[in-house]
Every structure is written in structure tokens, then in C-alpha cells.
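Heads up, data-v5.pdb below (PDB, C-alpha atoms and all ligand atoms):
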ATOM      1  CA  MET A  30      42.236-166.867 215.926
ATOM      2  CA  GLU A  31      40.678-168.711 218.851
ATOM      3  CA  THR A  32      40.708-165.553 221.016
ATOM      4  CA  GLY A  33      39.471-163.399 218.135
ATOM      5  CA  LEU A  34      36.416-165.613 217.633
ATOM      6  CA  LEU A  35      35.599-165.516 221.346
ATOM      7  CA  HIS A  36      36.016-161.712 221.372
ATOM      8  CA  LEU A  37      33.683-161.450 218.403
ATOM      9  CA  HIS A  38      31.122-163.657 220.175
ATOM     10  CA  ASN A  39      31.408-161.383 223.216
ATOM     11  CA  LEU A  40      31.030-158.175 221.200
ATOM     12  CA  LEU A  41      28.125-159.417 219.072
ATOM     13  CA  ARG A  42      26.070-159.691 222.251
ATOM     14  CA  TRP A  43      25.755-155.867 222.167
ATOM     15  CA  VAL A  44      24.787-155.835 218.499
ATOM     16  CA  VAL A  45      22.096-158.464 219.139
ATOM     17  CA  LEU A  46      20.816-156.673 222.261
ATOM     18  CA  ILE A  47      20.644-153.232 220.604
ATOM     19  CA  LEU A  48      18.911-154.567 217.463
ATOM     20  CA  LEU A  49      16.539-156.633 219.583
ATOM     21  CA  LEU A  50      15.590-153.573 221.663
ATOM     22  CA  VAL A  51      14.919-151.596 218.468
ATOM     23  CA  SER A  52      12.828-154.512 217.104
ATOM     24  CA  ILE A  53      10.854-154.599 220.361
ATOM     25  CA  TYR A  54      10.279-150.843 220.250
ATOM     26  CA  LYS A  55       9.178-150.982 216.596
ATOM     27  CA  SER A  56       6.835-153.931 217.182
ATOM     28  CA  TYR A  57       5.309-152.237 220.227
ATOM     29  CA  ALA A  58       4.936-148.860 218.504
ATOM     30  CA  GLY A  59       3.506-150.534 215.377
ATOM     31  CA  GLY A  60       0.939-152.565 217.316
ATOM     32  CA  ALA A  61      -0.073-149.839 219.776
ATOM     33  CA  GLY A  62      -0.280-147.137 217.084
ATOM     34  CA  ASN A  63      -2.127-149.315 214.528
ATOM     35  CA  LYS A  64       0.654-148.547 212.052
ATOM     36  CA  GLN A  65       1.352-150.170 208.712
ATOM     37  CA  PHE A  66       4.110-152.772 208.560
ATOM     38  CA  THR A  67       6.865-151.207 206.447
ATOM     39  CA  ALA A  68      10.067-152.310 204.733
ATOM     40  CA  SER A  69      12.053-150.566 207.503
ATOM     41  CA  ASP A  70      10.348-152.749 210.156
ATOM     42  CA  LYS A  71      11.217-155.843 208.144
ATOM     43  CA  LYS A  72      14.829-154.705 207.726
ATOM     44  CA  ILE A  73      15.395-154.228 211.459
ATOM     45  CA  TRP A  74      13.841-157.625 212.240
ATOM     46  CA  LEU A  75      16.033-159.180 209.529
ATOM     47  CA  PHE A  76      19.237-157.576 210.856
ATOM     48  CA  THR A  77      18.355-158.776 214.360
ATOM     49  CA  MET A  78      17.968-162.309 213.046
ATOM     50  CA  ILE A  79      21.199-162.177 211.031
ATOM     51  CA  ALA A  80      23.222-160.857 214.016
ATOM     52  CA  SER A  81      21.774-163.570 216.251
ATOM     53  CA  HIS A  82      22.563-166.296 213.698
ATOM     54  CA  ILE A  83      26.191-165.145 213.384
ATOM     55  CA  THR A  84      26.435-165.203 217.201
ATOM     56  CA  LEU A  85      24.940-168.710 217.094
ATOM     57  CA  LEU A  86      27.579-169.943 214.617
ATOM     58  CA  LEU A  87      30.405-168.514 216.733
ATOM     59  CA  GLY A  88      28.779-169.981 219.853
ATOM     60  CA  LEU A  89      28.478-173.400 218.229
ATOM     61  CA  TYR A  90      32.183-173.285 217.426
ATOM     62  CA  GLN A  91      33.001-172.384 221.068
ATOM     63  CA  TRP A  92      30.660-175.069 222.307
ATOM     64  CA  LEU A  93      32.223-177.805 220.182
ATOM     65  CA  LEU A  94      35.877-176.844 219.798
ATOM     66  CA  GLY A  95      36.517-173.862 222.089
ATOM     67  CA  ARG A  96      38.624-173.894 225.281
ATOM     68  CA  TYR A  97      35.774-175.562 227.182
ATOM     69  CA  GLY A  98      34.138-177.234 224.182
ATOM     70  CA  VAL A  99      32.416-180.567 224.591
ATOM     71  CA  LEU A 100      34.814-182.142 222.086
ATOM     72  CA  SER A 101      38.013-180.364 223.118
ATOM     73  CA  TYR A 102      37.937-179.929 226.896
ATOM     74  CA  ILE A 103      39.216-182.823 228.957
ATOM     75  CA  LYS A 104      37.324-182.873 232.238
ATOM     76  CA  PRO A 105      39.251-183.553 235.448
ATOM     77  CA  GLU A 106      38.989-187.176 236.564
ATOM     78  CA  GLY A 107      35.699-187.906 238.351
ATOM     79  CA  SER A 108      34.039-184.552 237.551
ATOM     80  CA  SER A 109      30.575-184.362 236.024
ATOM     81  CA  THR A 110      29.268-181.578 233.760
ATOM     82  CA  MET A 111      25.986-181.188 235.628
ATOM     83  CA  LYS A 112      27.648-181.050 239.040
ATOM     84  CA  ASP A 113      30.235-178.475 238.006
ATOM     85  CA  PRO A 114      28.589-174.982 237.937
ATOM     86  CA  PHE A 115      31.105-173.677 235.370
ATOM     87  CA  LEU A 116      30.733-176.541 232.879
ATOM     88  CA  ARG A 117      26.975-176.735 233.451
ATOM     89  CA  PHE A 118      26.653-173.042 232.577
ATOM     90  CA  PHE A 119      28.878-172.943 229.478
ATOM     91  CA  GLN A 120      28.145-176.407 228.096
ATOM     92  CA  VAL A 121      24.425-176.691 228.934
ATOM     93  CA  GLU A 122      22.534-173.667 230.343
ATOM     94  CA  HIS A 123      24.027-170.906 228.169
ATOM     95  CA  PRO A 124      23.803-172.824 224.843
ATOM     96  CA  ILE A 125      20.253-174.130 225.430
ATOM     97  CA  SER A 126      18.882-170.746 226.567
ATOM     98  CA  MET A 127      20.566-168.936 223.677
ATOM     99  CA  LEU A 128      19.369-171.498 221.129
ATOM    100  CA  LEU A 129      15.812-170.938 222.358
ATOM    101  CA  ALA A 130      16.298-167.157 222.270
ATOM    102  CA  ILE A 131      17.547-167.327 218.670
ATOM    103  CA  LEU A 132      14.618-169.581 217.754
ATOM    104  CA  PHE A 133      12.235-166.919 219.124
ATOM    105  CA  ILE A 134      14.053-164.168 217.188
ATOM    106  CA  THR A 135      13.706-166.276 214.029
ATOM    107  CA  LEU A 136       9.992-166.826 214.691
ATOM    108  CA  GLY A 137       9.632-163.079 215.276
ATOM    109  CA  TYR A 138      11.228-162.335 211.924
ATOM    110  CA  GLY A 139       9.032-165.048 210.369
ATOM    111  CA  MET A 140       5.959-162.967 211.261
ATOM    112  CA  SER A 141       7.080-160.430 208.626
ATOM    113  CA  LYS A 142       6.320-163.020 205.944
ATOM    114  CA  LYS A 143       2.998-164.256 207.319
ATOM    115  CA  GLN A 144      -0.150-163.337 205.399
ATOM    116  CA  VAL A 145      -1.879-161.760 208.384
ATOM    117  CA  GLU A 146      -2.981-158.251 209.348
ATOM    118  CA  ASP A 147      -0.192-155.841 210.248
ATOM    119  CA  GLY A 148      -1.491-155.514 213.822
ATOM    120  CA  VAL A 149      -1.211-159.296 214.298
ATOM    121  CA  LYS A 150       2.325-159.291 212.844
ATOM    122  CA  PHE A 151       3.449-156.613 215.304
ATOM    123  CA  LYS A 152       1.798-158.214 218.339
ATOM    124  CA  LYS A 153       3.045-161.755 217.723
ATOM    125  CA  ALA A 154       6.562-160.594 216.814
ATOM    126  CA  LEU A 155       6.623-158.452 219.970
ATOM    127  CA  ARG A 156       5.878-161.538 222.081
ATOM    128  CA  TYR A 157       8.661-163.560 220.428
ATOM    129  CA  PHE A 158      11.205-160.716 220.739
ATOM    130  CA  VAL A 159      10.408-160.090 224.417
ATOM    131  CA  LEU A 160      10.789-163.813 225.187
ATOM    132  CA  ALA A 161      14.152-163.789 223.390
ATOM    133  CA  LEU A 162      15.285-160.712 225.331
ATOM    134  CA  ILE A 163      14.393-162.299 228.684
ATOM    135  CA  LEU A 164      16.318-165.473 227.797
ATOM    136  CA  ILE A 165      19.372-163.559 226.572
ATOM    137  CA  LEU A 166      19.484-161.289 229.622
ATOM    138  CA  ALA A 167      19.208-164.347 231.872
ATOM    139  CA  ALA A 168      21.863-166.421 230.092
ATOM    140  CA  VAL A 169      24.634-163.917 229.315
ATOM    141  CA  PRO A 170      27.658-164.469 231.610
ATOM    142  CA  TRP A 171      27.452-160.902 233.016
ATOM    143  CA  PRO A 172      30.419-159.816 235.196
ATOM    144  CA  PHE A 173      28.186-159.677 238.298
ATOM    145  CA  ARG A 174      27.559-163.435 238.026
ATOM    146  CA  GLY A 175      30.753-163.968 239.979
ATOM    147  CA  ASP A 176      34.206-165.371 239.424
ATOM    148  CA  ILE A 177      33.117-168.747 238.088
ATOM    149  CA  ILE A 178      30.689-167.658 235.370
ATOM    150  CA  GLY A 179      31.124-163.883 235.025
ATOM    151  CA  ARG A 180      32.863-162.572 231.897
ATOM    152  CA  PRO A 181      33.835-159.016 230.899
ATOM    153  CA  LEU A 182      31.309-156.603 229.362
ATOM    154  CA  PHE A 183      33.670-156.033 226.447
ATOM    155  CA  PRO A 184      36.392-158.329 225.057
ATOM    156  CA  GLY A 185      39.822-157.991 226.587
ATOM    157  CA  MET A 186      38.669-155.971 229.628
TER     158      MET A 186
HETATM  159  C1  LIG B 201      22.425-164.330 221.301
HETATM  160  C2  LIG B 201      23.123-165.380 221.623
HETATM  161  C3  LIG B 201      24.370-165.384 222.481
HETATM  162  C4  LIG B 201      24.930-164.410 223.242
HETATM  163  C5  LIG B 201      24.419-162.971 223.447
HETATM  164  C6  LIG B 201      26.123-164.976 223.850
HETATM  165  C7  LIG B 201      26.990-164.297 224.692
HETATM  166  C8  LIG B 201      28.166-164.811 225.210
HETATM  167  C9  LIG B 201      29.139-164.062 225.962
HETATM  168  C10 LIG B 201      29.024-162.575 226.297
HETATM  169  C11 LIG B 201      30.156-164.913 226.286
HETATM  170  C12 LIG B 201      31.446-164.581 227.060
HETATM  171  C13 LIG B 201      32.560-164.330 226.057
HETATM  172  C14 LIG B 201      33.883-163.997 226.708
HETATM  173  O1  LIG B 201      34.381-164.785 227.526
HETATM  174  O2  LIG B 201      34.466-162.951 226.389
HETATM  175  C15 LIG B 201      29.811-166.225 225.762
HETATM  176  C16 LIG B 201      30.582-167.358 225.890
HETATM  177  C17 LIG B 201      30.252-168.581 225.383
HETATM  178  N1  LIG B 201      29.166-168.874 224.573
HETATM  179 FE1  LIG B 201      27.720-167.585 224.012
HETATM  180  N2  LIG B 201      26.239-166.289 223.459
HETATM  181  C18 LIG B 201      25.186-166.579 222.625
HETATM  182  C19 LIG B 201      24.921-167.778 222.003
HETATM  183  C20 LIG B 201      25.625-168.932 222.206
HETATM  184  C21 LIG B 201      25.285-170.222 221.668
HETATM  185  C22 LIG B 201      24.049-170.493 220.802
HETATM  186  C23 LIG B 201      26.241-171.100 222.097
HETATM  187  C24 LIG B 201      26.389-172.579 221.824
HETATM  188  C25 LIG B 201      25.679-173.296 221.011
HETATM  189  C26 LIG B 201      27.189-170.361 222.898
HETATM  190  C27 LIG B 201      28.307-170.902 223.505
HETATM  191  C28 LIG B 201      29.206-170.209 224.279
HETATM  192  C29 LIG B 201      30.349-170.824 224.917
HETATM  193  C30 LIG B 201      30.753-172.298 224.851
HETATM  194  C31 LIG B 201      31.032-169.800 225.604
HETATM  195  C32 LIG B 201      32.310-169.933 226.443
HETATM  196  C33 LIG B 201      33.524-169.852 225.548
HETATM  197  C34 LIG B 201      34.842-169.822 226.322
HETATM  198  O3  LIG B 201      34.914-169.247 227.377
HETATM  199  O4  LIG B 201      35.809-170.405 225.830
HETATM  200  N3  LIG B 201      26.785-169.057 222.944
HETATM  201  N4  LIG B 201      28.594-166.131 225.086
END

Same coordinates, now as C-alpha cells:
Amino acid sequence: METGLLHLHNLLRWVVLILLLVSIYKSYAGGAGNKQFTASDKKIWLFTMIASHITLLLGLYQWLLGRYGVLSYIKPEGSSTMKDPFLRFFQVEHPISMLLAILFITLGYGMSKKQVEDGVKFKKALRYFVLALILILAAVPWPFRGDIIGRPLFPGM
């Protein structure tokens, strides 16, 4: 089960990224083309938020009880989380950046419910979604980040 949950967390990254890119495109096209905010825009923003929240729940589980979880991993004698690049990344940098990214996605979705002009909805949501994308791209343990932090593009690779 442990491995399955980690694989799911890995795979959901692609779902979040694809939905986020579609949300960004729709917000940009809506704002630039002075379009009306439609139910389809709201649906895509909602799906993006739901996918990110599921990833958050799985991440929280990894962070607390996973192989390197703060409650389950026993650090080698004398080591410190902030001085160890591996622990610092998975216990501090990755979770904090992703939490912020998911907060921005949630704020972006929140714009769909605000009583403001459609143009304002699109523009503000676009800003939140782009910020989230930057944070996610920066904090994913991409394979090119090296042996210590890098993880496969797809589970089990
Ligand atoms: C959109 C949000 C997120 C994305 C795209 C994401 C992506 C990833 C990816 C691709 C991995 C590597 C998985 C593997 O080894 O196969 C990973 C690992 C991990 N993530 Fe996330 N993550 C997100 C949110 C979070 C959050 C919010 C937390 C904690 C609160 C978290 C905690 C972890 C931990 C602890 C690991 C390492 C698990 C292990 O190796 O045992 N993640 N994440």
C-alpha cells in the first residue's frame, strides 16, 4: 500500500500539471478575448483544485508517515534536517512550496465565486495559477535534480 500511495502521488503530478496548464490557457484566453466566464471554465478550475487537494492529502501522508516522514524516519545520529540536502528537500522545501502552490490554486478557483466582472475573474485567477505553476515546476523532484533529490518521471521507472 505504501508504494501504491507514493506511485499515485507521483502520477498525480501530471494530472495537476495538465489541468493547471489548461486552466492557465482558459484564464488567459478569457481575459485577453473579453470572453464570458462559463460553466466549463469553472469546471476546469474545480478539477484542477480537486486534483491538487488529492495530491496534498497523499503528500501529507508521505510527509508524516512515509519512508522519510517526520514521524516515521529515524535520522542518523548527529544529523540535522536543514543540513541534509535530502531531508531538507523532502521534509521542508517540497512540502512548503507545494502547500503554497495548492493555496494559490485554491485562490484561483475561489475567483470563480467572486461577485466581480468576468475580466477581473480571469485576470486574477491567471495570476494565481501562474504562481502555482512556477512553484510546482520548481519543487517537483525532477530526475535531472540529481541522485539525491531526483525521482522518476513516472512511478516504477
Ligand atoms: C501539487 C503538489 C505536489 C506535487 C506535484 C508533488 C510531486 C511529488 C513527486 C513527483 C514526488 C516523487 C514521488 C516518487 O518518488 O515517485 C513527491 C514526493 C514526495 N512528496 Fe510531493 N508533491 C506535491 C505535494 C506535496 C505535499 C503538499 C507534501 C507534504 C505536505 C508532499 C510530500 C512529499 C514527500 C514527503 C515525498 C517523498 C516521499 C518518499 O520518497 O517516500 N508533496 N512529490

Taking 5 positions as the minimum chain separation for residues in the same chain, which residues sit within 8 Å of segment 146-161 of chain A when counting all atoms listed in the file? Answer as a PyMOL selection string. chain A and resi 49+52-53+56-57+59-60+63-66+129-131+133-134+136-138+140-141

Determine, counting all atoms listed in the file, which protein, DNA and RNA residues have an atom within 9 Å of an atom of segment 71-87 of chain A; residues of the same chain fewer than 3 positions away are not included. Present the result as a VMD selection string. chain A and resid 34 to 35 37 to 39 41 to 42 44 to 49 51 to 52 55 66 to 68 90 to 92 124 127 to 128 130 to 131 134 to 135 137 to 138 141 to 142

Take the residues from that selection and put them in a file with C-alpha atoms, as a short mmCIF file (atom, residue, chain, number, x, y, z; two decimals), in the frame of the given file.
data_model
loop_
_atom_site.label_atom_id
_atom_site.label_comp_id
_atom_site.auth_asym_id
_atom_site.auth_seq_id
_atom_site.Cartn_x
_atom_site.Cartn_y
_atom_site.Cartn_z
CA LEU A 34 36.42 -165.61 217.63
CA LEU A 35 35.60 -165.52 221.35
CA LEU A 37 33.68 -161.45 218.40
CA HIS A 38 31.12 -163.66 220.18
CA ASN A 39 31.41 -161.38 223.22
CA LEU A 41 28.12 -159.42 219.07
CA ARG A 42 26.07 -159.69 222.25
CA VAL A 44 24.79 -155.84 218.50
CA VAL A 45 22.10 -158.46 219.14
CA LEU A 46 20.82 -156.67 222.26
CA ILE A 47 20.64 -153.23 220.60
CA LEU A 48 18.91 -154.57 217.46
CA LEU A 49 16.54 -156.63 219.58
CA VAL A 51 14.92 -151.60 218.47
CA SER A 52 12.83 -154.51 217.10
CA LYS A 55 9.18 -150.98 216.60
CA PHE A 66 4.11 -152.77 208.56
CA THR A 67 6.86 -151.21 206.45
CA ALA A 68 10.07 -152.31 204.73
CA TYR A 90 32.18 -173.28 217.43
CA GLN A 91 33.00 -172.38 221.07
CA TRP A 92 30.66 -175.07 222.31
CA PRO A 124 23.80 -172.82 224.84
CA MET A 127 20.57 -168.94 223.68
CA LEU A 128 19.37 -171.50 221.13
CA ALA A 130 16.30 -167.16 222.27
CA ILE A 131 17.55 -167.33 218.67
CA ILE A 134 14.05 -164.17 217.19
CA THR A 135 13.71 -166.28 214.03
CA GLY A 137 9.63 -163.08 215.28
CA TYR A 138 11.23 -162.34 211.92
CA SER A 141 7.08 -160.43 208.63
CA LYS A 142 6.32 -163.02 205.94
#

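The closest residue to Glu122 of chain A, picked from A:Ile178, A:Ala61, A:Ala168, A:Leu40 and counting all atoms listed in the file, is A:Ala168.
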
Excluding Gly179 of chain A and residues on its chain fewer than 5 positions from it, collect all residues at most 12 Å away from it, counting all atoms listed in the file, and give them as a compact mmCIF listing (two decimals) with C-alpha atoms, in the coordinates of the input.
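Result file part-v8.txt:
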# COMPACT_ATOMS: atom_id res chain seq x y z
CA PRO A 114 28.59 -174.98 237.94
CA PHE A 115 31.10 -173.68 235.37
CA PHE A 118 26.65 -173.04 232.58
CA PHE A 119 28.88 -172.94 229.48
CA ALA A 168 21.86 -166.42 230.09
CA VAL A 169 24.63 -163.92 229.32
CA PRO A 170 27.66 -164.47 231.61
CA TRP A 171 27.45 -160.90 233.02
CA PRO A 172 30.42 -159.82 235.20
CA PHE A 173 28.19 -159.68 238.30
CA ARG A 174 27.56 -163.44 238.03

At what distance in Å, to one decimal, does atom CA of His123 of chain A lie from atom C19 of ligand LIG 201 (chain B)? 7.0 Å

Between A:Gln120, A:Tyr54, A:Ser69, A:Ile165, which one has atoms that come closest to Gly95 of chain A, using all atoms listed in the file?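 The shortest atom-to-atom distance to Gly95 of chain A comes from A:Gln120.
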
Any chance you could work out the axis-aligned box around ligand LIG 201 (chain B), listed atoms only, 3 Å on each side, giving centre and edge lengths in Å to one decimal, as lines of an AutoDock Vina configuration file?
center_x = 29.1
center_y = -167.9
center_z = 224.2
size_x = 19.4
size_y = 16.7
size_z = 12.7

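Minimum atom-to-atom distances from A:Lys112, A:Gly175, A:Met30, A:Leu89 to ligand LIG 201 (chain B) were compared using all atoms listed in the file, and the lowest value belongs to A:Leu89.
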
Hey, which of A:Val145, A:Arg180, A:Ile163, A:Ser108 ends up closest to ligand LIG 201 (chain B)? Count only C-alpha atoms and all ligand atoms.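 Residue with the minimum atom-to-atom distance to ligand LIG 201 (chain B): A:Arg180.
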
Please, what distance in Å, to one decimal, runs between atom CA of Leu132 of chain A and atom CA of Ser101 of chain A?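 If I compute the distance from atom CA of Leu132 of chain A to atom CA of Ser101 of chain A, I get 26.3 Å.
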
Could you check how far atom CA of Pro181 of chain A sits from atom CA of Glu31 of chain A, in Å to one decimal?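 So the answer is 16.9 Å.
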
Residue nearest ligand LIG 201 (chain B) - candidates A:Leu162, A:Pro105, A:Leu94, A:Pro184, atoms counted: all atoms listed in the file: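 When distances to ligand LIG 201 (chain B) are compared using all atoms listed in the file, the smallest one comes from A:Pro184.
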
Here is a test: counting all atoms listed in the file, which residue of A:Gly88, A:Lys143, A:Val99, A:Leu182 is nearest to ligand LIG 201 (chain B)?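 Of A:Gly88, A:Lys143, A:Val99, A:Leu182, the one nearest ligand LIG 201 (chain B) is A:Gly88, counting all atoms listed in the file.
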
Could you pull segment 41-61 of chain A out of the block above and give me N, CA and C atoms, as a CSV table (one decimal), in the first residue's frame?
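Okay, this is what ended up in result.csv:
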chain,number,residue,atom,x,y,z
A,41,LEU,N,-0.1,11.7,-10.0
A,41,LEU,CA,-1.0,12.9,-9.9
A,41,LEU,C,-0.3,14.2,-10.3
A,42,ARG,N,1.0,14.2,-10.2
A,42,ARG,CA,1.7,15.4,-10.6
A,42,ARG,C,1.4,15.8,-12.0
A,43,TRP,N,1.2,14.7,-12.9
A,43,TRP,CA,0.9,15.0,-14.3
A,43,TRP,C,-0.5,15.5,-14.5
A,44,VAL,N,-1.4,14.9,-13.7
A,44,VAL,CA,-2.8,15.3,-13.8
A,44,VAL,C,-2.9,16.8,-13.3
A,45,VAL,N,-2.2,17.2,-12.2
A,45,VAL,CA,-2.3,18.5,-11.7
A,45,VAL,C,-1.7,19.5,-12.8
A,46,LEU,N,-0.5,19.1,-13.3
A,46,LEU,CA,0.2,20.0,-14.3
A,46,LEU,C,-0.7,20.2,-15.6
A,47,ILE,N,-1.3,19.1,-16.1
A,47,ILE,CA,-2.0,19.2,-17.3
A,47,ILE,C,-3.3,20.1,-17.1
A,48,LEU,N,-4.0,19.8,-15.9
A,48,LEU,CA,-5.2,20.6,-15.6
A,48,LEU,C,-4.8,22.1,-15.4
A,49,LEU,N,-3.7,22.3,-14.7
A,49,LEU,CA,-3.2,23.7,-14.4
A,49,LEU,C,-2.9,24.4,-15.7
A,50,LEU,N,-2.3,23.7,-16.7
A,50,LEU,CA,-1.9,24.4,-17.9
A,50,LEU,C,-3.2,24.7,-18.7
A,51,VAL,N,-4.2,23.8,-18.6
A,51,VAL,CA,-5.5,24.1,-19.3
A,51,VAL,C,-6.2,25.3,-18.6
A,52,SER,N,-6.1,25.4,-17.3
A,52,SER,CA,-6.7,26.5,-16.5
A,52,SER,C,-6.0,27.8,-16.9
A,53,ILE,N,-4.7,27.7,-17.0
A,53,ILE,CA,-3.9,28.9,-17.4
A,53,ILE,C,-4.4,29.4,-18.8
A,54,TYR,N,-4.4,28.4,-19.7
A,54,TYR,CA,-4.8,28.8,-21.1
A,54,TYR,C,-6.2,29.4,-21.1
A,55,LYS,N,-7.1,28.8,-20.4
A,55,LYS,CA,-8.5,29.3,-20.4
A,55,LYS,C,-8.6,30.7,-19.7
A,56,SER,N,-7.9,30.9,-18.6
A,56,SER,CA,-7.9,32.2,-18.0
A,56,SER,C,-7.3,33.3,-18.9
A,57,TYR,N,-6.2,32.9,-19.6
A,57,TYR,CA,-5.6,33.9,-20.4
A,57,TYR,C,-6.5,34.2,-21.6
A,58,ALA,N,-7.0,33.1,-22.3
A,58,ALA,CA,-7.9,33.3,-23.4
A,58,ALA,C,-9.1,34.1,-23.0
A,59,GLY,N,-9.7,33.8,-21.8
A,59,GLY,CA,-10.9,34.5,-21.4
A,59,GLY,C,-10.6,36.0,-21.1
A,60,GLY,N,-9.5,36.3,-20.5
A,60,GLY,CA,-9.2,37.7,-20.2
A,60,GLY,C,-8.8,38.5,-21.4
A,61,ALA,N,-7.9,37.9,-22.3
A,61,ALA,CA,-7.5,38.6,-23.5
A,61,ALA,C,-8.6,38.8,-24.5
